[in-house]
file my_file.csv (CSV, C-alpha atoms and all ligand atoms)
chain,number,residue,atom,x,y,z
J,153,MET,CA,143.7,2.4,-27.4
J,154,GLN,CA,141.3,2.5,-30.3
J,155,ALA,CA,141.0,5.4,-32.8
J,156,LEU,CA,139.3,6.2,-36.0
J,157,VAL,CA,142.2,6.9,-38.3
J,158,LEU,CA,142.0,8.6,-41.7
J,159,GLU,CA,144.5,8.0,-44.4
J,160,GLN,CA,144.8,8.9,-48.0
J,161,ALA,CA,145.4,6.6,-51.0
J,162,ASP,CA,145.0,7.6,-54.7
J,163,GLY,CA,143.4,10.9,-53.6
J,164,LYS,CA,140.7,9.1,-51.6
J,165,THR,CA,140.2,9.3,-47.9
J,166,LEU,CA,140.1,5.9,-46.1
J,167,ALA,CA,138.7,5.6,-42.6
J,168,SER,CA,139.4,2.6,-40.4
J,169,ILE,CA,139.4,1.7,-36.7
J,170,ARG,CA,143.0,1.1,-35.5
J,171,GLN,CA,144.8,0.1,-32.4
J,172,VAL,CA,147.1,3.1,-31.7
J,173,ASP,CA,149.7,3.3,-29.0
J,174,SER,CA,149.3,6.2,-26.6
J,175,SER,CA,152.9,7.2,-27.3
J,176,ASP,CA,151.9,7.9,-30.9
J,177,LEU,CA,149.6,10.7,-29.8
J,178,PRO,CA,150.7,14.2,-30.7
J,179,PRO,CA,152.6,16.3,-28.2
J,180,GLY,CA,150.5,18.2,-25.6
J,181,ASP,CA,150.2,19.0,-21.8
J,182,VAL,CA,147.1,17.0,-21.1
J,183,THR,CA,146.1,13.5,-22.0
J,184,VAL,CA,142.3,13.0,-21.9
J,185,ASP,CA,140.3,9.7,-21.6
J,186,ILE,CA,137.5,10.6,-24.0
J,187,GLU,CA,134.0,9.5,-23.1
J,188,TRP,CA,131.8,11.2,-25.7
J,189,SER,CA,132.5,12.8,-29.1
J,190,GLY,CA,130.1,13.8,-31.8
J,191,ILE,CA,129.7,13.9,-35.6
J,192,ASN,CA,129.5,17.5,-36.8
J,193,TYR,CA,129.1,18.6,-40.4
J,194,LYS,CA,132.9,19.4,-40.5
J,195,ASP,CA,133.7,15.8,-39.2
J,196,ALA,CA,131.4,14.3,-41.8
J,197,LEU,CA,133.3,16.2,-44.6
J,198,ALA,CA,136.6,15.1,-43.1
J,199,ILE,CA,135.7,11.4,-42.6
J,200,THR,CA,134.2,11.0,-46.1
J,201,GLY,CA,136.9,13.1,-47.7
J,202,LYS,CA,134.1,15.2,-49.4
J,203,GLY,CA,135.5,18.5,-48.0
J,204,LYS,CA,139.1,19.6,-47.8
J,205,ILE,CA,139.2,19.7,-44.0
J,206,ILE,CA,142.4,17.6,-43.4
J,207,ARG,CA,145.7,18.3,-45.1
J,208,GLN,CA,148.0,16.0,-43.1
J,209,PHE,CA,147.5,12.2,-42.9
J,210,PRO,CA,147.2,10.0,-40.9
J,211,MET,CA,144.7,12.0,-38.9
J,212,VAL,CA,142.2,11.2,-36.1
J,213,PRO,CA,139.1,13.3,-36.8
J,214,GLY,CA,136.6,14.7,-34.2
J,215,ILE,CA,136.4,18.4,-33.7
J,216,ASP,CA,134.8,18.1,-30.2
J,217,PHE,CA,134.9,15.8,-27.2
J,218,ALA,CA,134.3,15.5,-23.5
J,219,GLY,CA,136.0,13.2,-21.0
J,220,LYS,CA,138.3,13.0,-18.0
J,221,VAL,CA,141.9,14.1,-17.6
J,222,HIS,CA,144.2,11.0,-17.6
J,223,THR,CA,147.4,12.9,-16.9
J,224,SER,CA,148.4,16.5,-17.0
J,225,SER,CA,151.7,18.4,-16.8
J,226,ASP,CA,149.7,21.7,-16.5
J,227,PRO,CA,148.7,22.8,-13.0
J,228,ARG,CA,145.3,24.0,-14.2
J,229,PHE,CA,144.2,20.4,-14.8
J,230,HIS,CA,144.3,17.2,-12.6
J,231,SER,CA,143.7,13.6,-13.3
J,232,GLY,CA,140.1,12.6,-13.1
J,233,GLN,CA,138.8,16.1,-13.9
J,234,SER,CA,136.0,16.4,-16.4
J,235,VAL,CA,136.8,18.5,-19.4
J,236,VAL,CA,135.4,19.5,-22.8
J,237,LEU,CA,137.2,20.6,-26.0
J,238,THR,CA,135.8,22.3,-29.1
J,239,GLY,CA,137.7,23.8,-32.0
J,240,TRP,CA,141.3,25.1,-32.1
J,241,GLY,CA,141.8,22.9,-35.2
J,242,VAL,CA,141.6,19.7,-33.2
J,243,GLY,CA,140.3,16.9,-35.5
J,244,GLU,CA,141.6,19.0,-38.5
J,245,ASN,CA,145.3,19.5,-38.0
J,246,HIS,CA,145.8,17.9,-34.5
J,247,TRP,CA,144.5,14.4,-33.6
J,248,GLY,CA,140.9,14.7,-32.4
J,249,GLY,CA,138.1,13.2,-30.5
J,250,LEU,CA,137.2,10.1,-32.4
J,251,ALA,CA,139.6,8.0,-30.3
J,252,GLU,CA,139.7,6.6,-26.7
J,253,GLN,CA,142.4,9.2,-25.8
J,254,ALA,CA,143.6,12.6,-27.1
J,255,ARG,CA,146.7,14.6,-26.1
J,256,VAL,CA,146.1,18.4,-26.4
J,257,LYS,CA,147.3,21.8,-25.2
J,258,ALA,CA,146.0,22.7,-21.7
J,259,ASP,CA,145.0,26.1,-23.2
J,260,TRP,CA,142.5,24.4,-25.5
J,261,LEU,CA,140.5,22.7,-22.6
J,262,VAL,CA,137.6,24.0,-20.6
J,263,ALA,CA,136.8,22.3,-17.2
J,264,LEU,CA,133.2,21.1,-17.4
J,265,PRO,CA,131.1,23.5,-15.4
J,266,GLU,CA,129.4,22.0,-12.3
J,267,GLY,CA,126.1,20.3,-13.2
J,268,LEU,CA,127.1,19.4,-16.7
J,269,GLU,CA,127.9,15.8,-17.5
J,270,ALA,CA,130.1,14.7,-20.4
J,271,ARG,CA,127.2,13.4,-22.5
J,272,HIS,CA,125.2,16.6,-22.1
J,273,ALA,CA,128.3,18.6,-23.0
J,274,MET,CA,128.4,16.7,-26.3
J,275,ILE,CA,124.6,17.1,-26.9
J,276,ILE,CA,125.5,20.9,-26.8
J,277,GLY,CA,128.8,20.4,-28.7
J,278,THR,CA,130.4,22.9,-31.1
J,279,ALA,CA,127.1,23.9,-32.5
J,280,GLY,CA,125.6,24.7,-29.1
J,281,LEU,CA,128.6,26.6,-28.0
J,282,THR,CA,128.4,28.7,-31.3
J,283,ALA,CA,124.7,29.3,-30.6
J,284,MET,CA,125.5,30.7,-27.2
J,285,LEU,CA,128.3,32.9,-28.6
J,286,CYS,CA,125.7,34.3,-31.1
J,287,VAL,CA,123.2,35.0,-28.3
J,288,MET,CA,126.0,36.8,-26.4
J,289,ALA,CA,126.7,38.9,-29.5
J,290,LEU,CA,123.1,40.0,-29.6
J,291,GLU,CA,123.1,40.9,-25.9
J,292,GLU,CA,126.4,42.8,-26.3
J,293,GLY,CA,124.8,44.7,-29.2
J,294,GLY,CA,121.9,45.8,-26.9
J,295,VAL,CA,119.2,43.4,-28.2
J,296,THR,CA,116.9,42.6,-25.2
J,297,PRO,CA,113.6,40.6,-25.1
J,298,GLU,CA,111.9,44.0,-25.1
J,299,SER,CA,113.6,45.1,-28.3
J,300,GLY,CA,111.3,43.0,-30.5
J,301,GLU,CA,111.2,39.7,-32.4
J,302,VAL,CA,114.5,37.7,-33.0
J,303,LEU,CA,114.9,35.6,-36.1
J,304,VAL,CA,116.8,32.3,-36.3
J,305,THR,CA,117.7,30.8,-39.7
J,306,ALA,CA,118.8,27.2,-40.5
J,307,ALA,CA,116.6,26.6,-37.5
J,308,SER,CA,116.5,22.8,-37.3
J,309,GLY,CA,120.3,22.5,-37.5
J,310,GLY,CA,122.5,22.1,-34.5
J,311,VAL,CA,123.3,25.9,-34.2
J,312,GLY,CA,119.7,27.0,-35.0
J,313,SER,CA,117.9,24.6,-32.7
J,314,THR,CA,120.1,25.5,-29.7
J,315,ALA,CA,119.8,29.2,-30.5
J,316,ILE,CA,116.0,28.9,-30.4
J,317,ALA,CA,116.1,27.0,-27.0
J,318,LEU,CA,118.4,29.6,-25.5
J,319,LEU,CA,116.5,32.7,-26.8
J,320,HIS,CA,113.2,31.3,-25.6
J,321,ALA,CA,114.6,30.5,-22.2
J,322,LEU,CA,115.9,34.1,-21.9
J,323,GLY,CA,112.5,35.5,-22.7
J,324,TYR,CA,112.9,36.5,-26.4
J,325,ARG,CA,110.1,36.0,-28.9
J,326,VAL,CA,111.6,33.8,-31.7
J,327,THR,CA,110.7,33.3,-35.3
J,328,ALA,CA,112.4,30.4,-37.0
J,329,VAL,CA,113.3,30.0,-40.7
J,330,SER,CA,113.3,26.4,-41.9
J,331,GLY,CA,113.5,24.7,-45.3
J,332,ARG,CA,111.7,21.6,-44.0
J,333,GLU,CA,108.0,21.4,-43.0
J,334,SER,CA,108.6,18.2,-41.1
J,335,THR,CA,110.6,20.1,-38.4
J,336,HIS,CA,107.8,22.5,-37.4
J,337,ASP,CA,106.6,20.6,-34.3
J,338,TYR,CA,110.2,20.3,-33.2
J,339,LEU,CA,110.9,24.0,-33.6
J,340,GLN,CA,107.7,24.9,-31.7
J,341,GLN,CA,108.7,22.6,-28.9
J,342,LEU,CA,112.1,24.4,-28.7
J,343,GLY,CA,110.2,27.7,-28.3
J,344,ALA,CA,109.7,29.2,-31.7
J,345,THR,CA,106.4,31.2,-31.9
J,346,HIS,CA,106.4,31.6,-35.6
J,347,ILE,CA,108.0,29.6,-38.4
J,348,LEU,CA,108.7,30.9,-41.9
J,349,PRO,CA,109.6,28.9,-45.0
J,350,ARG,CA,113.2,29.3,-46.2
J,351,SER,CA,111.8,30.1,-49.7
J,352,GLU,CA,110.6,33.5,-48.3
J,353,PHE,CA,114.3,34.4,-47.8
J,354,SER,CA,115.9,32.8,-50.8
J,355,GLU,CA,114.8,35.2,-53.6
J,356,ALA,CA,116.9,38.3,-54.3
J,357,SER,CA,115.8,40.9,-51.8
J,358,ARG,CA,115.5,44.7,-52.2
J,359,PRO,CA,118.4,46.6,-50.4
J,360,LEU,CA,115.8,47.5,-47.7
J,361,GLU,CA,112.6,45.8,-46.8
J,362,LYS,CA,109.9,46.2,-44.1
J,363,GLN,CA,111.7,46.3,-40.7
J,364,ARG,CA,110.8,43.1,-38.8
J,365,TRP,CA,113.6,41.8,-36.6
J,366,ALA,CA,115.3,43.4,-33.6
J,367,GLY,CA,118.1,40.8,-34.0
J,368,ALA,CA,118.9,37.6,-35.9
J,369,ILE,CA,121.1,34.5,-35.6
J,370,ASP,CA,122.1,33.3,-39.0
J,371,ALA,CA,123.8,30.0,-39.9
J,372,ALA,CA,122.7,30.0,-43.5
J,373,GLY,CA,124.7,32.8,-45.1
J,374,GLY,CA,124.2,33.6,-48.8
J,375,GLN,CA,120.9,35.1,-50.0
J,376,VAL,CA,119.2,34.2,-46.7
J,377,LEU,CA,121.6,36.4,-44.8
J,378,ALA,CA,121.1,39.2,-47.3
J,379,SER,CA,117.3,39.1,-46.9
J,380,VAL,CA,117.7,39.0,-43.1
J,381,LEU,CA,119.9,42.2,-43.2
J,382,ALA,CA,117.3,43.9,-45.4
J,383,GLN,CA,114.5,43.2,-42.9
J,384,THR,CA,116.5,44.0,-39.7
J,385,SER,CA,115.0,47.0,-37.8
J,386,TRP,CA,116.9,50.2,-37.1
J,387,GLY,CA,119.8,49.5,-34.6
J,388,GLY,CA,119.3,45.7,-34.9
J,389,VAL,CA,122.1,43.1,-34.6
J,390,VAL,CA,122.7,40.1,-36.9
J,391,ALA,CA,125.1,37.4,-35.6
J,392,ALA,CA,126.4,35.4,-38.6
J,393,CYS,CA,128.2,32.1,-38.0
J,394,GLY,CA,127.5,29.7,-40.9
J,395,LEU,CA,127.3,29.1,-44.6
J,396,ALA,CA,124.7,26.2,-44.8
J,397,GLY,CA,123.2,28.1,-47.8
J,398,GLY,CA,126.4,29.5,-49.3
J,399,PHE,CA,129.4,31.6,-48.5
J,400,ASP,CA,128.6,34.6,-50.7
J,401,LEU,CA,126.7,37.7,-49.4
J,402,PRO,CA,124.7,39.5,-52.1
J,403,THR,CA,123.9,42.6,-50.0
J,404,SER,CA,124.4,46.4,-50.1
J,405,VAL,CA,125.6,49.0,-47.6
J,406,MET,CA,122.0,50.2,-47.1
J,407,PRO,CA,121.1,48.3,-43.9
J,408,PHE,CA,124.3,49.5,-42.3
J,409,ILE,CA,124.2,53.2,-43.3
J,410,LEU,CA,120.5,53.8,-43.2
J,411,ARG,CA,119.4,51.5,-40.4
J,412,ASN,CA,122.5,51.4,-38.2
J,413,VAL,CA,122.4,47.6,-38.5
J,414,ARG,CA,125.3,45.7,-37.0
J,415,LEU,CA,126.6,42.5,-38.6
J,416,GLN,CA,128.6,40.6,-36.0
J,417,GLY,CA,130.6,37.6,-37.2
J,418,VAL,CA,130.9,34.7,-34.8
J,419,ASP,CA,133.7,32.1,-34.8
J,420,SER,CA,133.8,29.4,-32.1
J,421,VAL,CA,137.0,27.7,-33.3
J,422,MET,CA,139.5,30.4,-32.1
J,423,ALA,CA,137.3,32.0,-29.5
J,424,PRO,CA,139.4,33.0,-26.5
J,425,THR,CA,139.3,30.7,-23.4
J,426,ALA,CA,137.7,33.2,-21.1
J,427,ARG,CA,134.8,33.7,-23.5
J,428,ARG,CA,134.4,29.9,-23.9
J,429,ILE,CA,134.3,29.5,-20.1
J,430,ALA,CA,131.7,32.2,-19.9
J,431,ALA,CA,129.6,30.6,-22.7
J,432,TRP,CA,129.7,27.1,-21.2
J,433,LYS,CA,128.6,28.5,-17.8
J,434,ARG,CA,125.7,30.4,-19.5
J,435,LEU,CA,124.7,27.2,-21.4
J,436,VAL,CA,124.4,25.2,-18.2
J,437,LYS,CA,122.4,27.9,-16.5
J,438,VAL,CA,120.0,28.8,-19.4
J,439,LEU,CA,119.3,25.5,-21.2
J,440,PRO,CA,116.2,23.8,-19.7
J,441,ALA,CA,116.4,20.0,-18.7
J,442,SER,CA,114.0,19.3,-21.7
J,443,PHE,CA,116.8,20.3,-24.1
J,444,TYR,CA,118.8,17.2,-23.3
J,445,GLN,CA,115.8,15.0,-23.9
J,446,GLN,CA,115.8,15.8,-27.6
J,447,ALA,CA,116.3,13.1,-30.2
J,448,THR,CA,119.9,12.0,-30.4
J,449,THR,CA,121.5,9.1,-32.2
J,450,GLU,CA,124.1,7.2,-30.2
J,451,ILE,CA,126.7,5.3,-32.1
J,452,SER,CA,130.0,3.5,-31.5
J,453,LEU,CA,133.4,4.6,-32.9
J,454,SER,CA,133.2,1.9,-35.6
J,455,GLN,CA,129.8,3.3,-36.8
J,456,ALA,CA,131.3,6.8,-37.3
J,457,PRO,CA,132.1,6.5,-41.1
J,458,GLU,CA,128.5,5.3,-41.8
J,459,ALA,CA,127.0,8.1,-39.7
J,460,ALA,CA,129.2,10.6,-41.6
J,461,GLU,CA,127.7,9.5,-44.9
J,462,LYS,CA,124.2,9.7,-43.5
J,463,LEU,CA,124.7,13.1,-42.1
J,464,LEU,CA,125.9,14.5,-45.5
J,465,ASN,CA,122.8,12.8,-47.2
J,466,ASN,CA,120.5,14.6,-44.7
J,467,GLN,CA,119.3,11.3,-43.3
J,468,ILE,CA,119.9,12.2,-39.7
J,469,THR,CA,117.9,14.6,-37.5
J,470,GLY,CA,119.4,15.9,-34.3
J,471,ARG,CA,122.8,15.4,-32.8
J,472,THR,CA,124.9,12.2,-33.4
J,473,LEU,CA,126.8,11.3,-30.3
J,474,VAL,CA,129.7,8.9,-30.3
J,475,ARG,CA,130.1,6.8,-27.2
J,476,VAL,CA,133.8,6.3,-27.2
J,477,ARG,CA,134.1,4.0,-24.1
J,501,LIG,P1,123.5,21.3,-39.4
J,501,LIG,O1,123.9,20.4,-40.5
J,501,LIG,O2,123.1,20.7,-38.1
J,501,LIG,O3,122.3,22.2,-39.8
J,501,LIG,C1,122.3,23.0,-41.0
J,501,LIG,C2,120.9,23.5,-41.2
J,501,LIG,O4,120.9,24.4,-42.3
J,501,LIG,C3,119.9,22.4,-41.8
J,501,LIG,O5,119.3,21.7,-40.7
J,501,LIG,C4,118.9,23.3,-42.5
J,501,LIG,O6,117.9,23.7,-41.6
J,501,LIG,C5,119.7,24.5,-43.0
J,501,LIG,N1,120.0,24.4,-44.4
J,501,LIG,C6,120.4,23.3,-45.1
J,501,LIG,N2,120.6,23.7,-46.4
J,501,LIG,C7,120.3,25.0,-46.5
J,501,LIG,C8,120.4,25.9,-47.6
J,501,LIG,N3,120.7,25.6,-48.8
J,501,LIG,N4,120.1,27.2,-47.3
J,501,LIG,C9,119.8,27.6,-46.0
J,501,LIG,N5,119.7,26.8,-45.0
J,501,LIG,C10,120.0,25.5,-45.2
J,501,LIG,O7,124.7,22.3,-39.2
J,501,LIG,P2,125.0,23.2,-37.9
J,501,LIG,O8,123.8,23.8,-37.3
J,501,LIG,O9,126.0,22.5,-37.0
J,501,LIG,O10,125.9,24.4,-38.6
J,501,LIG,C11,125.3,25.4,-39.4
J,501,LIG,C12,126.3,26.2,-40.1
J,501,LIG,O11,127.1,26.9,-39.1
J,501,LIG,C13,127.3,25.4,-41.0
J,501,LIG,O12,127.6,26.2,-42.1
J,501,LIG,C14,128.5,25.3,-40.1
J,501,LIG,O13,129.7,25.1,-40.9
J,501,LIG,C15,128.5,26.6,-39.3
J,501,LIG,N6,129.2,26.5,-38.0
J,501,LIG,C16,130.0,27.5,-37.7
J,501,LIG,C17,130.7,27.6,-36.5
J,501,LIG,C18,131.5,28.7,-36.2
J,501,LIG,O14,132.3,28.6,-35.3
J,501,LIG,N7,131.4,29.8,-36.9
J,501,LIG,C19,130.6,26.4,-35.6
J,501,LIG,C20,129.6,25.4,-35.9
J,501,LIG,C21,128.9,25.5,-37.2
J,501,LIG,P3,116.4,23.9,-42.0
J,501,LIG,O15,116.0,22.5,-42.7
J,501,LIG,O16,115.7,24.1,-40.7
J,501,LIG,O17,116.3,25.0,-43.0
call {"tool": "encode", "arguments": {"input": "my_file.csv", "output": "C-alpha cells", "more": "lines below"}}
Ligand code: NDP
result
Amino acid sequence: MQALVLEQADGKTLASIRQVDSSDLPPGDVTVDIEWSGINYKDALAITGKGKIIRQFPMVPGIDFAGKVHTSSDPRFHSGQSVVLTGWGVGENHWGGLAEQARVKADWLVALPEGLEARHAMIIGTAGLTAMLCVMALEEGGVTPESGEVLVTAASGGVGSTAIALLHALGYRVTAVSGRESTHDYLQQLGATHILPRSEFSEASRPLEKQRWAGAIDAAGGQVLASVLAQTSWGGVVAACGLAGGFDLPTSVMPFILRNVRLQGVDSVMAPTARRIAAWKRLVKVLPASFYQQATTEISLSQAPEAAEKLLNNQITGRTLVRVR
C-alpha cells in the first residue's frame, strides 16, 4: 500500500510517497482502508517540519481520516463498516491517515453515523468536530438562541466556519470576527448576520467593556480572546479551542468575578468516545446540505506536501481533502 512517509535528515523533515507493507503498520485492533483524509493546520506543520508535531520518525502524518474497516479483532467493528477517526495523537505519534491503510485502536474509531458518507465526514474533519464540541459547551452553559448574540472568531477558518453554520442552523444570531474582507460573502452565506474586523479585537482591551455577547466560540486565543471575555455579557459562556492569534491570554479576573463569565476549554484530541459519538450525530442532524457544497480542494496523496506548503502560506481557502483511493 502507498503512504506519505516523513523522515528526518540533518534536522530537516523529508516527505515522500512510499510503498509500505501492511505488516509494517503499527499494532492495533482494527485495520482501515482509508478513503478520504484531509490537510489540517497541524498536518501542514508536521509535513513541512515547520512545527514540532512529530518526535518519532519514520511517521505517516494525517490527524483525521474516514474509510472502511478492512479487518477487526474487536467485536465493535466489522469488515466493510464505515468509520471515522480524529485525534488521539494519530498522525503525530501513531501512523496516521495519509496512507491507503491505517491500523489503530478500536477505542479511537467512531462508526460513521447513518446518512454521512466518508467524503462529507472529512469535509467536517477535526475542525468541524471541534466546532460541534464548542457549540455543545455553550448549550451546556445555558446559552440558548434567546440569550442573545453569539460571537465566532477566526471565522473563516475550519473551526469558525463550521461553528457559524451550526449556530445559524440552531437558530442563534451570529456575529463573525474575521481578519479578511474577502471572506465576508462566504461568512454571510454560512449564516453570520454581522461581521466585525479582527482589528477591533486586537488592541489591548479594558478589563470590562460594554456587554455584547451571550456566548462566543474562539479559535484565535491571545488578545482576541481577552477582548471577547471583556465584552461577554453577565452569565455568558466562551468556548476556547484555538490559538490562531497566539497562545497567551492577557486578561484579568474581572469578567469572571464581576460578570459570572464562564471560560470553557475545548479539546477534541482526547475527547471521550461517548462525547464524540454524540457530536458526530449532532453534526449530521444539524448541518444543512448546503454546507457540503462549500469550496473544497481535492488532491491526491502525492500532492499533500505541496498542499501543506500552500496552507501555511495562506494560499488555500476552505478544506483540503485528500482522496486516498
Ligand atoms: P484554519 O487555518 O482553518 O483557520 C484559522 C483562522 O484563524 C484563519 O482562517 C483566520 O480567520 C484566523 N486567523 C489567522 N491568523 C490570525 C491571527 N493572527 N489572529 C486571529 N485570528 C487569526 O484553522 P482551524 O480553524 O482548523 O483551527 C483554528 C485554531 O483551532 C488553530 O489554532 C487550531 O490549532 C485550533 N484547533 C484546536 C482543536 C482542539 O481540539 N482544541 C482542533 C482543531 C483546531 P479570519 O481570516 O477569518 O480571521
call {"tool": "residues_around", "arguments": {"input": "my_file.csv", "residues": "Val380 in chain J", "least_positions_apart": "2", "cutoff": "12 Å", "atoms": "only C-alpha atoms", "output": "compact mmCIF listing (two decimals) with C-alpha atoms, keeping the file's coordinate frame"}}
result
# COMPACT_ATOMS: atom_id res chain seq x y z
CA VAL J 302 114.50 37.70 -33.00
CA LEU J 303 114.90 35.60 -36.10
CA VAL J 304 116.80 32.30 -36.30
CA THR J 305 117.70 30.80 -39.70
CA THR J 327 110.70 33.30 -35.30
CA ALA J 328 112.40 30.40 -37.00
CA VAL J 329 113.30 30.00 -40.70
CA ARG J 350 113.20 29.30 -46.20
CA GLU J 352 110.60 33.50 -48.30
CA PHE J 353 114.30 34.40 -47.80
CA SER J 354 115.90 32.80 -50.80
CA GLU J 355 114.80 35.20 -53.60
CA ALA J 356 116.90 38.30 -54.30
CA SER J 357 115.80 40.90 -51.80
CA ARG J 358 115.50 44.70 -52.20
CA PRO J 359 118.40 46.60 -50.40
CA LEU J 360 115.80 47.50 -47.70
CA GLU J 361 112.60 45.80 -46.80
CA LYS J 362 109.90 46.20 -44.10
CA GLN J 363 111.70 46.30 -40.70
CA ARG J 364 110.80 43.10 -38.80
CA TRP J 365 113.60 41.80 -36.60
CA ALA J 366 115.30 43.40 -33.60
CA GLY J 367 118.10 40.80 -34.00
CA ALA J 368 118.90 37.60 -35.90
CA ILE J 369 121.10 34.50 -35.60
CA ASP J 370 122.10 33.30 -39.00
CA ALA J 371 123.80 30.00 -39.90
CA ALA J 372 122.70 30.00 -43.50
CA GLY J 373 124.70 32.80 -45.10
CA GLY J 374 124.20 33.60 -48.80
CA GLN J 375 120.90 35.10 -50.00
CA VAL J 376 119.20 34.20 -46.70
CA LEU J 377 121.60 36.40 -44.80
CA ALA J 378 121.10 39.20 -47.30
CA ALA J 382 117.30 43.90 -45.40
CA GLN J 383 114.50 43.20 -42.90
CA THR J 384 116.50 44.00 -39.70
CA SER J 385 115.00 47.00 -37.80
CA GLY J 388 119.30 45.70 -34.90
CA VAL J 389 122.10 43.10 -34.60
CA VAL J 390 122.70 40.10 -36.90
CA ALA J 391 125.10 37.40 -35.60
CA ALA J 392 126.40 35.40 -38.60
CA LEU J 401 126.70 37.70 -49.40
CA PRO J 402 124.70 39.50 -52.10
CA THR J 403 123.90 42.60 -50.00
CA PRO J 407 121.10 48.30 -43.90
CA VAL J 413 122.40 47.60 -38.50
CA ARG J 414 125.30 45.70 -37.00
CA LEU J 415 126.60 42.50 -38.60
call {"tool": "residues_around", "arguments": {"input": "my_file.csv", "residues": "Arg325 in chain J", "least_positions_apart": "6", "cutoff": "9 Å", "atoms": "only C-alpha atoms", "output": "VMD selection string"}}
result
chain J and resid 297 300 to 303 319 343 to 346
call {"tool": "residues_near_ligand", "arguments": {"input": "my_file.csv", "ligand": "ligand LIG 501 (chain J)", "cutoff": "6 Å", "atoms": "all atoms listed in the file", "output": "list in words"}}
result
Tyr193, Thr278, Ala279, Thr282, Ala306, Ala307, Ser308, Gly309, Gly310, Val311, Gly312, Ser330, Gly331, Arg332, Ala371, Ala372, Cys393, Gly394, Leu395, Ala396, Gly397, Val418, Asp419, Ser420 and Val421 of chain J
call {"tool": "closest_residue", "arguments": {"input": "my_file.csv", "among": "J:Val256, J:Val476, J:Val295, J:Ala426", "to": "Gly219 in chain J", "atoms": "all atoms listed in the file"}}
result
J:Val476
call {"tool": "closest_residue", "arguments": {"input": "my_file.csv", "among": "J:Glu333, J:Glu244, J:Glu252, J:Asp162", "to": "Ile186 in chain J", "atoms": "all atoms listed in the file"}}
result
J:Glu252
call {"tool": "closest_residue", "arguments": {"input": "my_file.csv", "among": "J:His222, J:Arg471, J:Arg477, J:Arg428", "to": "Met284 in chain J", "atoms": "all atoms listed in the file"}}
result
J:Arg428
call {"tool": "closest_residue", "arguments": {"input": "my_file.csv", "among": "J:Ser189, J:Asn245, J:Ser234, J:Ser334", "to": "Val262 in chain J", "atoms": "only C-alpha atoms"}}
result
J:Ser234
call {"tool": "closest_residue", "arguments": {"input": "my_file.csv", "among": "J:Thr296, J:Gln455, J:Asn465, J:Gln446", "to": "Tyr324 in chain J", "atoms": "all atoms listed in the file"}}
result
J:Thr296
call {"tool": "atom_distance", "arguments": {"input": "my_file.csv", "atom1": "CA of Ala430 in chain J", "atom2": "CA of Pro265 in chain J"}}
result
9.8 Å
call {"tool": "residues_near_point", "arguments": {"input": "my_file.csv", "point": "(135.5, 22.0, -27.0)", "cutoff": "8 Å", "atoms": "all atoms listed in the file", "output": "list in words"}}
result
Ile215, Asp216, Phe217, Ala218, Val236, Leu237, Thr238, Gly239, Trp260, Leu261, Val262, Gly277 and Thr278 of chain J
call {"tool": "residues_around", "arguments": {"input": "my_file.csv", "residues": "Gln208 in chain J", "least_positions_apart": "4", "cutoff": "12 Å", "atoms": "all atoms listed in the file", "output": "ChimeraX atom specification"}}
result
/J:157-160,165,198,204,212-213,243-247
call {"tool": "closest_residue", "arguments": {"input": "my_file.csv", "among": "J:Thr472, J:Gln416, J:Ala251, J:Leu381", "to": "Glu292 in chain J", "atoms": "only C-alpha atoms"}}
result
J:Gln416
call {"tool": "residues_around", "arguments": {"input": "my_file.csv", "residues": "Ala456 in chain J", "least_positions_apart": "5", "cutoff": "12 Å", "atoms": "only C-alpha atoms", "output": "ChimeraX atom specification"}}
result
/J:155-158,167-169,189-192,195-196,198-200,212-214,249-251,449-451,461-463,472-476
call {"tool": "closest_atom_pairs", "arguments": {"input": "my_file.csv", "of": "range 249-366 of chain J", "to": "range 439-442 of chain J", "cutoff": "10 Å", "atoms": "only C-alpha atoms", "output": "tab-separated table"}}
result
residue	atom	partner	partner_atom	distance
J:Ile276	CA	J:Leu439	CA	9.5
J:Thr314	CA	J:Leu439	CA	8.5
J:Ala317	CA	J:Leu439	CA	6.8
J:Leu318	CA	J:Leu439	CA	6.0
J:Leu319	CA	J:Leu439	CA	9.5
J:His320	CA	J:Leu439	CA	9.5
J:Ala321	CA	J:Leu439	CA	6.9
J:Leu322	CA	J:Leu439	CA	9.3
J:Gln341	CA	J:Ser442	CA	9.5
J:Leu342	CA	J:Ser442	CA	8.9
call {"tool": "atom_distance", "arguments": {"input": "my_file.csv", "atom1": "CA of Lys433 in chain J", "atom2": "CA of Gly232 in chain J"}}
result
20.2 Å
